[in-house]
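Peer 1: Next comes the structure file run.cif, holding mmCIF, C-alpha atoms.
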```cif
data_model
#
loop_
_atom_site.label_atom_id
_atom_site.label_comp_id
_atom_site.auth_asym_id
_atom_site.auth_seq_id
_atom_site.Cartn_x
_atom_site.Cartn_y
_atom_site.Cartn_z
CA MET H 121 65.38 102.83 115.86
CA LYS H 122 66.70 100.20 113.42
CA GLN H 123 66.95 102.83 110.69
CA PHE H 124 68.83 105.12 113.07
CA ALA H 125 71.22 102.32 114.04
CA PHE H 126 71.76 101.49 110.38
CA CYS H 127 72.58 105.12 109.57
CA LEU H 128 75.15 105.26 112.37
CA SER H 129 76.74 101.99 111.25
CA ALA H 130 76.81 103.12 107.64
CA VAL H 131 78.55 106.33 108.65
CA SER H 132 81.07 104.33 110.66
CA VAL H 133 81.80 101.98 107.77
CA LEU H 134 82.11 104.84 105.29
CA SER H 135 84.55 106.53 107.65
CA VAL H 136 86.67 103.40 107.60
CA VAL H 137 86.42 103.26 103.80
CA GLY H 138 87.67 106.83 103.65
CA THR H 139 90.63 105.84 105.82
CA VAL H 140 91.42 102.80 103.70
CA ASN H 141 91.25 104.89 100.53
CA ALA H 142 94.27 106.88 101.73
CA ASP H 143 97.32 105.46 99.98
CA ARG H 144 99.80 103.34 101.89
CA ILE H 145 103.58 103.36 102.09
CA ILE H 146 104.81 100.08 100.64
CA PHE H 147 108.52 100.90 100.81
CA ASP H 148 110.33 103.17 103.27
CA GLY H 149 113.91 103.82 102.24
CA TYR H 150 114.67 105.70 105.46
CA GLY H 151 113.05 103.59 108.14
CA SER H 152 113.58 104.85 111.67
CA SER H 153 116.70 106.85 110.80
CA VAL H 154 116.86 110.32 112.33
CA GLY H 155 118.98 113.28 111.31
CA GLN H 156 121.18 111.56 108.73
CA LEU H 157 121.89 114.54 106.53
CA ILE H 158 124.24 113.37 103.80
CA ALA H 159 124.68 116.27 101.37
CA GLY H 160 123.50 119.60 100.09
CA GLY H 161 123.51 121.10 96.65
CA GLY H 162 121.61 123.27 94.29
CA GLY H 163 121.22 124.91 90.96
CA SER H 164 119.11 124.12 87.95
CA ARG H 165 118.00 120.48 87.84
CA PHE H 166 120.03 119.26 90.82
CA GLY H 167 119.14 115.58 91.08
CA TYR H 168 119.81 112.32 92.90
CA GLY H 169 118.38 108.82 92.77
CA THR H 170 118.61 105.46 94.52
CA PRO H 171 118.58 102.04 92.84
CA ILE H 172 116.02 99.46 93.93
CA ALA H 173 115.44 95.82 92.98
CA VAL H 174 111.95 94.32 92.70
CA ASP H 175 111.12 90.64 93.15
CA ARG H 176 107.41 90.76 92.22
CA ASP H 177 105.11 92.94 90.14
CA ILE H 178 104.12 95.98 92.20
CA GLU H 179 101.94 98.91 91.16
CA ILE H 180 103.00 102.21 92.74
CA SER H 181 100.98 105.42 92.95
CA GLY H 182 103.48 107.94 94.31
CA ILE H 183 107.03 108.80 95.36
CA SER H 184 108.16 110.79 98.40
CA ALA H 185 111.60 112.23 99.14
CA LEU H 186 112.95 113.55 102.44
CA THR H 187 114.70 116.89 101.94
CA HIS H 188 115.07 120.34 103.46
CA LEU H 189 114.33 123.40 101.30
CA PHE H 190 115.42 126.94 102.10
CA ASP H 191 113.16 128.46 99.44
CA PRO H 192 110.07 127.36 97.50
CA THR H 193 111.46 124.84 95.01
CA PRO H 194 110.09 122.98 91.97
CA PHE H 195 110.56 119.20 92.01
CA ASN H 196 110.34 116.63 89.23
CA PHE H 197 110.13 113.00 90.36
CA VAL H 198 111.57 110.32 88.11
CA VAL H 199 111.66 106.53 87.68
CA LEU H 200 114.36 105.18 85.36
CA PRO H 201 115.51 101.70 84.39
CA PHE H 202 118.78 100.72 86.07
CA PRO H 203 121.62 100.63 85.29
CA GLN H 204 121.82 103.83 83.28
CA PRO H 205 124.51 104.68 80.70
CA GLN H 206 127.26 107.04 81.86
CA VAL H 207 125.33 109.96 80.41
CA LEU H 208 121.81 110.05 81.80
CA ASP H 209 119.20 109.19 79.16
CA LEU H 210 115.92 110.77 80.26
CA SER H 211 114.24 109.40 77.14
CA THR H 212 114.24 106.03 78.93
CA ALA H 213 112.28 107.43 81.89
CA LEU H 214 109.31 105.27 82.83
CA TYR H 215 107.87 108.17 84.81
CA TYR H 216 108.84 111.83 84.84
CA SER H 217 106.49 114.11 86.73
CA ASP H 218 105.43 117.63 85.96
CA ALA H 219 107.12 120.20 88.16
CA ARG H 220 105.55 120.57 91.59
CA VAL H 221 106.58 123.50 93.79
CA PHE H 222 107.10 122.73 97.47
CA PRO H 223 107.29 125.49 100.12
CA SER H 224 110.42 126.20 102.10
CA ASP H 225 110.99 124.28 105.33
CA PRO H 226 111.46 126.01 108.71
CA ARG H 227 115.14 126.87 109.01
CA GLU H 228 115.32 125.58 112.57
CA GLN H 229 114.37 122.14 111.22
CA ARG H 230 117.14 121.94 108.64
CA PHE H 231 118.55 118.77 110.23
CA ILE H 232 115.16 117.05 110.17
CA GLY H 233 113.68 117.79 106.75
CA SER H 234 110.18 116.97 105.53
CA TRP H 235 108.69 114.55 103.03
CA LYS H 236 107.83 115.87 99.58
CA ARG H 237 105.30 113.69 97.73
CA SER H 238 104.64 113.47 94.02
CA ASP H 239 101.20 113.75 92.52
CA ASP H 240 99.35 110.47 92.07
CA PHE H 241 100.33 108.30 89.11
CA SER H 242 100.21 104.63 88.18
CA LEU H 243 103.27 102.57 87.27
CA THR H 244 103.88 98.83 87.60
CA LEU H 245 107.37 97.84 88.71
CA GLU H 246 108.10 94.43 87.21
CA ALA H 247 109.51 91.39 88.98
CA GLY H 248 113.22 90.82 88.41
CA GLU H 249 113.89 94.39 87.27
CA GLN H 250 115.93 97.21 88.81
CA TYR H 251 115.00 100.88 88.84
CA LEU H 252 116.63 104.20 89.66
CA ILE H 253 114.15 106.34 91.61
CA GLY H 254 114.75 109.95 92.57
CA TYR H 255 114.08 113.58 91.77
CA PHE H 256 115.36 116.81 90.29
CA ALA H 257 115.12 120.06 92.26
CA ASP H 258 115.55 123.57 90.88
CA GLY H 259 117.05 125.11 94.01
CA PHE H 260 119.29 124.47 97.00
CA THR H 261 118.36 121.20 98.66
CA LEU H 262 119.60 119.29 101.69
CA ILE H 263 119.53 115.52 101.09
CA PHE H 264 118.88 112.86 103.70
CA GLY H 265 119.76 109.18 103.59
CA ASN H 266 121.43 106.31 105.40
CA ASP H 267 123.80 103.39 104.89
CA ILE H 268 121.15 100.70 105.40
CA ALA H 269 119.82 98.60 102.52
CA GLU H 270 116.10 98.62 103.36
CA SER H 271 113.72 95.91 102.18
CA GLY H 272 109.94 95.51 102.23
CA ASN H 273 107.03 94.23 100.14
CA GLY H 274 109.32 92.76 97.51
CA ILE H 275 111.43 95.95 97.13
CA THR H 276 115.08 96.27 98.19
CA SER H 277 117.35 99.30 98.03
CA VAL H 278 121.13 99.38 97.94
CA SER H 279 123.34 101.50 100.17
CA ASN H 280 124.25 103.89 97.41
CA SER H 281 122.91 106.84 95.45
CA TYR H 282 123.57 108.26 92.01
CA CYS H 283 124.01 111.83 90.86
CA LEU H 284 121.45 112.48 88.11
CA SER H 285 122.60 116.02 87.38
CA CYS H 286 126.34 115.33 87.07
CA PRO H 287 127.99 115.11 83.62
CA GLU H 288 128.13 111.35 84.21
CA VAL H 289 125.75 109.14 86.22
CA THR H 290 128.11 108.20 89.03
CA SER H 291 127.55 106.61 92.43
CA ASP H 292 128.03 108.86 95.42
CA PHE H 293 127.97 108.96 99.24
CA GLY H 294 127.86 105.19 99.83
CA ARG H 295 124.35 105.81 101.17
CA ASP H 296 120.90 105.65 99.63
CA ILE H 297 118.77 108.77 99.60
CA ALA H 298 115.60 108.78 101.68
CA ILE H 299 112.67 107.86 99.44
CA ARG H 300 109.28 106.25 99.99
CA LEU H 301 107.03 104.47 97.51
CA HIS H 302 103.26 104.62 97.82
CA ALA H 303 100.46 102.36 96.55
CA LEU H 304 96.69 102.40 96.55
CA PRO H 305 94.87 100.17 99.08
CA GLU H 306 94.30 96.53 98.27
CA PRO H 307 90.95 96.07 96.41
CA SER H 308 90.10 93.15 98.72
CA SER H 309 89.95 95.52 101.70
CA LEU H 310 87.35 97.72 100.04
CA LEU H 311 85.32 94.76 98.80
CA ALA H 312 85.21 93.28 102.29
CA LEU H 313 83.92 96.56 103.72
CA VAL H 314 81.24 96.92 101.05
CA ALA H 315 80.15 93.31 101.51
CA GLY H 316 79.93 93.82 105.27
CA LEU H 317 77.79 96.92 104.85
CA GLY H 318 75.46 95.07 102.47
CA ALA H 319 75.06 92.14 104.84
CA PHE H 320 74.30 94.50 107.71
CA TYR H 321 71.65 96.27 105.63
CA VAL H 322 69.96 92.95 104.76
CA ARG H 323 69.84 91.96 108.42
CA GLN H 324 68.28 95.30 109.35
CA ARG H 325 65.63 94.92 106.65
CA SER H 326 64.71 91.34 107.63
CA PRO H 327 61.48 91.05 109.70
CA VAL H 328 61.84 89.80 113.22
CA GLY H 329 60.20 86.35 113.52
#
```
Let me see the structure of the file written as structure tokens.
Peer 2:
Amino acid sequence: MKQFAFCLSAVSVLSVVGTVNADRIIFDGYGSSVGQLIAGGGGSRFGYGTPIAVDRDIEISGISALTHLFDPTPFNFVVLPFPQPQVLDLSTALYYSDARVFPSDPREQRFIGSWKRSDDFSLTLEAGEQYLIGYFADGFTLIFGNDIAESGNGITSVSNSYCLSCPEVTSDFGRDIAIRLHALPEPSSLLALVAGLGAFYVRQRSPVG
């Protein structure tokens, strides 16, 4: 019976570990905003980005952008130092993803959009620095954003966005585009779960006095 109980508990703990292993959103540049469609555009390498400021070292593992696509569209996600010169210098990119093709969104949901997430990567944003985070899309894209400067976990956005595909890197809209930043779970959470499982196993193995 003890072995059976241990197996059930182990399965429960491992289920929790699997949940914790899922990455977490550490910055939400859209918050609870709904339906704030700010622009649409398209063509080869149509791109926008939003500046953020960072007040502590933070390792990120992914970027998401809220858009609506009418056709399957390749995306490249990018992290650049900010400010940029008038002519975008992609050689300064701290991260530039391989193209990832996202499927079209349902046309009846064009005023809602869906989140497109990059593949996993690892990049440390450094305290005191500013970054321009965004994407390029090879196709017609509806862009979402708002006029709120969001803040969370040491990251703050500004209520502005920058055209990355224009002849000059210029601010636009007076709103930041909807982006999210992801991070892996805190190591301490996993260590606590493993330690708890080990302690439970020892108790189950101990003879009853």
Peer 1: Go through H:Tyr150, H:Val174, H:Gly254, H:Gly169 one by one, measure the shortest atom-to-atom distance of each to H:Asn273 using all atoms listed in the file, and give the residue with the smallest value.
Peer 2: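 Ranking H:Tyr150, H:Val174, H:Gly254, H:Gly169 by distance to H:Asn273, first place goes to H:Val174.
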Peer 1: Would you translate the PyMOL selection byres ((chain H and resi 183) around 8) into the concrete set of residues it matches in this file, as a list in words?
Peer 2: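 Evaluating the PyMOL selection byres ((chain H and resi 183) around 8) on this file yields Ser181, Gly182, Ser184, Ala185, Phe197, Arg237, Ser238, Ile299, Arg300, Leu301 and His302 of chain H.
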Peer 1: Between atom CA of H:Pro305 and atom CA of H:Glu179, what is the spacing in Å?
Peer 2: 10.7 Å
Peer 1: For the structure provided, state which residues fall under the PyMOL selection byres ((chain H and resi 221) around 7), and present them as a list in words.
Peer 2: Pro192, Thr193, Pro194, Phe195, Ala219, Arg220, Phe222 and Pro223 of chain H
Peer 1: Include C-alpha atoms and write out the residues we just selected as a compact mmCIF listing (two decimals), in the coordinates of the input.
Peer 2:
```txt
# COMPACT_ATOMS: atom_id res chain seq x y z
CA PRO H 192 110.07 127.36 97.50
CA THR H 193 111.46 124.84 95.01
CA PRO H 194 110.09 122.98 91.97
CA PHE H 195 110.56 119.20 92.01
CA ALA H 219 107.12 120.20 88.16
CA ARG H 220 105.55 120.57 91.59
CA PHE H 222 107.10 122.73 97.47
CA PRO H 223 107.29 125.49 100.12
```
Peer 1: Expand the PyMOL selection byres ((chain H and resi 162) around 9) into the explicit residue set it covers here, and present it as number ranges by chain.
Peer 2: H: 160-161, 163-167, 257-262
Peer 1: Taking into account all atoms listed in the file, which residue in the set H:Ile146, H:Val278, H:Leu157, H:Leu252 is nearest to H:Leu208?
Peer 2: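 Among the listed residues, the smallest separation from H:Leu208 belongs to H:Leu252.
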Peer 1: Under the rule that all atoms listed in the file are counted, which of H:Leu245, H:Leu304, H:Ile268, H:Leu210 is the nearest residue to H:Val198?
Peer 2: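 Ranked by minimum distance to H:Val198, first place goes to H:Leu210.
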Peer 1: Tell me which protein, DNA and RNA residues are within 6 Å of H:Ser224, counting only C-alpha atoms, leaving out same-chain ones fewer than 3 positions away, and put them as a list in words.
Peer 2: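 Contacts, in chain order: Leu189, Phe190, Asp191 and Pro192 of chain H.
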Peer 1: Restricting the calculation to all atoms listed in the file, which member of H:Ile178, H:Leu186, H:Leu284, H:Leu200 is positioned closest to H:Gln250?
Peer 2: H:Leu200
Peer 1: Work out how far apart atom CA of H:Gly274 and atom CA of H:Arg176 are and give it in Å to one decimal.
Peer 2: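 Atom CA of H:Arg176 lies at a distance of 6.0 Å from atom CA of H:Gly274.
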Peer 1: Can I get C-alpha atoms for stretch 199-328 of chain H, as an mmCIF file, in the first residue's frame?
Peer 2:
```cif
data_model
loop_
_atom_site.group_PDB
_atom_site.id
_atom_site.type_symbol
_atom_site.label_atom_id
_atom_site.label_comp_id
_atom_site.auth_asym_id
_atom_site.auth_seq_id
_atom_site.Cartn_x
_atom_site.Cartn_y
_atom_site.Cartn_z
ATOM 1 C CA VAL H 199 15.932 42.209 -30.238
ATOM 2 C CA LEU H 200 17.999 45.330 -30.915
ATOM 3 C CA PRO H 201 19.819 47.828 -28.709
ATOM 4 C CA PHE H 202 17.956 51.130 -28.401
ATOM 5 C CA PRO H 203 18.154 53.800 -29.626
ATOM 6 C CA GLN H 204 18.931 52.803 -33.193
ATOM 7 C CA PRO H 205 20.513 55.043 -35.850
ATOM 8 C CA GLN H 206 18.140 56.556 -38.408
ATOM 9 C CA VAL H 207 18.891 53.694 -40.771
ATOM 10 C CA LEU H 208 18.261 50.366 -39.067
ATOM 11 C CA ASP H 209 21.484 48.457 -38.406
ATOM 12 C CA LEU H 210 20.582 44.769 -38.176
ATOM 13 C CA SER H 211 24.240 43.928 -37.583
ATOM 14 C CA THR H 212 23.686 45.196 -34.031
ATOM 15 C CA ALA H 213 20.867 42.691 -33.410
ATOM 16 C CA LEU H 214 21.281 40.800 -30.155
ATOM 17 C CA TYR H 215 18.779 38.227 -31.374
ATOM 18 C CA TYR H 216 17.358 37.642 -34.838
ATOM 19 C CA SER H 217 15.311 34.488 -35.244
ATOM 20 C CA ASP H 218 15.084 32.141 -38.163
ATOM 21 C CA ALA H 219 11.879 32.549 -40.132
ATOM 22 C CA ARG H 220 8.882 30.804 -38.593
ATOM 23 C CA VAL H 221 5.688 30.465 -40.644
ATOM 24 C CA PHE H 222 2.437 31.067 -38.776
ATOM 25 C CA PRO H 223 -0.952 30.007 -40.198
ATOM 26 C CA SER H 224 -3.625 32.489 -41.176
ATOM 27 C CA ASP H 225 -6.091 33.623 -38.515
ATOM 28 C CA PRO H 226 -9.873 33.198 -38.879
ATOM 29 C CA ARG H 227 -11.140 36.204 -40.815
ATOM 30 C CA GLU H 228 -14.043 36.713 -38.428
ATOM 31 C CA GLN H 229 -11.481 37.295 -35.660
ATOM 32 C CA ARG H 230 -9.566 40.032 -37.444
ATOM 33 C CA PHE H 231 -10.268 42.513 -34.634
ATOM 34 C CA ILE H 232 -8.995 40.105 -31.979
ATOM 35 C CA GLY H 233 -5.785 38.621 -33.380
ATOM 36 C CA SER H 234 -3.717 35.806 -31.893
ATOM 37 C CA TRP H 235 -0.322 35.536 -30.243
ATOM 38 C CA LYS H 236 2.602 34.386 -32.373
ATOM 39 C CA ARG H 237 5.512 33.037 -30.307
ATOM 40 C CA SER H 238 9.143 32.704 -31.284
ATOM 41 C CA ASP H 239 11.102 29.508 -30.873
ATOM 42 C CA ASP H 240 12.954 29.159 -27.576
ATOM 43 C CA PHE H 241 16.210 31.067 -27.187
ATOM 44 C CA SER H 242 18.295 32.475 -24.357
ATOM 45 C CA LEU H 243 19.223 36.143 -24.024
ATOM 46 C CA THR H 244 20.032 38.184 -20.921
ATOM 47 C CA LEU H 245 18.660 41.725 -20.888
ATOM 48 C CA GLU H 246 21.021 43.831 -18.799
ATOM 49 C CA ALA H 247 20.109 46.255 -16.031
ATOM 50 C CA GLY H 248 20.115 49.898 -17.079
ATOM 51 C CA GLU H 249 19.866 49.133 -20.800
ATOM 52 C CA GLN H 250 17.122 49.797 -23.349
ATOM 53 C CA TYR H 251 16.066 47.479 -26.149
ATOM 54 C CA LEU H 252 13.905 47.595 -29.254
ATOM 55 C CA ILE H 253 11.877 44.377 -29.475
ATOM 56 C CA GLY H 254 9.693 43.432 -32.412
ATOM 57 C CA TYR H 255 9.365 41.399 -35.576
ATOM 58 C CA PHE H 256 9.430 41.346 -39.355
ATOM 59 C CA ALA H 257 6.586 39.727 -41.300
ATOM 60 C CA ASP H 258 6.625 38.782 -44.982
ATOM 61 C CA GLY H 259 2.943 39.388 -45.651
ATOM 62 C CA PHE H 260 -0.044 41.545 -44.771
ATOM 63 C CA THR H 261 -0.325 41.924 -41.015
ATOM 64 C CA LEU H 262 -2.743 43.685 -38.676
ATOM 65 C CA ILE H 263 -0.939 45.161 -35.657
ATOM 66 C CA PHE H 264 -2.352 45.504 -32.161
ATOM 67 C CA GLY H 265 -1.215 47.784 -29.372
ATOM 68 C CA ASN H 266 -2.264 50.384 -26.827
ATOM 69 C CA ASP H 267 -1.293 53.742 -25.355
ATOM 70 C CA ILE H 268 -0.368 52.378 -21.929
ATOM 71 C CA ALA H 269 3.236 52.139 -20.748
ATOM 72 C CA GLU H 270 3.176 48.688 -19.126
ATOM 73 C CA SER H 271 5.605 47.652 -16.411
ATOM 74 C CA GLY H 272 6.421 44.359 -14.703
ATOM 75 C CA ASN H 273 9.336 42.302 -13.365
ATOM 76 C CA GLY H 274 11.808 45.117 -13.921
ATOM 77 C CA ILE H 275 10.711 45.784 -17.534
ATOM 78 C CA THR H 276 8.917 48.944 -18.700
ATOM 79 C CA SER H 277 7.636 49.814 -22.166
ATOM 80 C CA VAL H 278 6.960 53.247 -23.606
ATOM 81 C CA SER H 279 3.782 54.308 -25.365
ATOM 82 C CA ASN H 280 5.369 54.319 -28.775
ATOM 83 C CA SER H 281 6.476 52.003 -31.563
ATOM 84 C CA TYR H 282 9.059 52.199 -34.306
ATOM 85 C CA CYS H 283 8.871 51.227 -37.946
ATOM 86 C CA LEU H 284 11.691 48.762 -38.637
ATOM 87 C CA SER H 285 10.989 48.424 -42.349
ATOM 88 C CA CYS H 286 10.780 52.140 -43.201
ATOM 89 C CA PRO H 287 13.715 53.908 -44.904
ATOM 90 C CA GLU H 288 14.385 55.512 -41.514
ATOM 91 C CA VAL H 289 13.706 54.127 -38.026
ATOM 92 C CA THR H 290 10.963 56.525 -36.997
ATOM 93 C CA SER H 291 8.453 56.486 -34.152
ATOM 94 C CA ASP H 292 4.849 55.882 -35.117
ATOM 95 C CA PHE H 293 1.304 55.596 -33.735
ATOM 96 C CA GLY H 294 2.013 56.983 -30.254
ATOM 97 C CA ARG H 295 1.246 53.453 -29.033
ATOM 98 C CA ASP H 296 3.389 50.438 -28.254
ATOM 99 C CA ILE H 297 2.799 47.242 -30.176
ATOM 100 C CA ALA H 298 1.484 44.231 -28.273
ATOM 101 C CA ILE H 299 4.426 42.030 -27.288
ATOM 102 C CA ARG H 300 5.098 39.551 -24.508
ATOM 103 C CA LEU H 301 8.408 38.332 -23.116
ATOM 104 C CA HIS H 302 8.801 34.798 -21.795
ATOM 105 C CA ALA H 303 11.250 33.209 -19.346
ATOM 106 C CA LEU H 304 11.968 29.743 -18.039
ATOM 107 C CA PRO H 305 10.711 28.847 -14.530
ATOM 108 C CA GLU H 306 12.769 29.827 -11.517
ATOM 109 C CA PRO H 307 15.284 27.034 -10.645
ATOM 110 C CA SER H 308 14.268 27.322 -6.978
ATOM 111 C CA SER H 309 10.763 26.085 -7.817
ATOM 112 C CA LEU H 310 12.079 22.908 -9.406
ATOM 113 C CA LEU H 311 14.590 22.300 -6.620
ATOM 114 C CA ALA H 312 11.864 22.616 -3.999
ATOM 115 C CA LEU H 313 9.712 20.061 -5.803
ATOM 116 C CA VAL H 314 12.578 17.591 -6.173
ATOM 117 C CA ALA H 315 13.549 18.019 -2.525
ATOM 118 C CA GLY H 316 9.953 17.437 -1.461
ATOM 119 C CA LEU H 317 9.734 14.253 -3.508
ATOM 120 C CA GLY H 318 12.991 12.978 -2.004
ATOM 121 C CA ALA H 319 11.836 13.669 1.544
ATOM 122 C CA PHE H 320 8.556 11.889 0.878
ATOM 123 C CA TYR H 321 10.408 8.852 -0.483
ATOM 124 C CA VAL H 322 12.627 8.687 2.625
ATOM 125 C CA ARG H 323 9.586 8.798 4.899
ATOM 126 C CA GLN H 324 7.932 5.986 2.953
ATOM 127 C CA ARG H 325 11.067 3.843 3.197
ATOM 128 C CA SER H 326 11.509 4.389 6.954
ATOM 129 C CA PRO H 327 10.318 1.451 9.128
ATOM 130 C CA VAL H 328 7.404 2.109 11.407
#
```
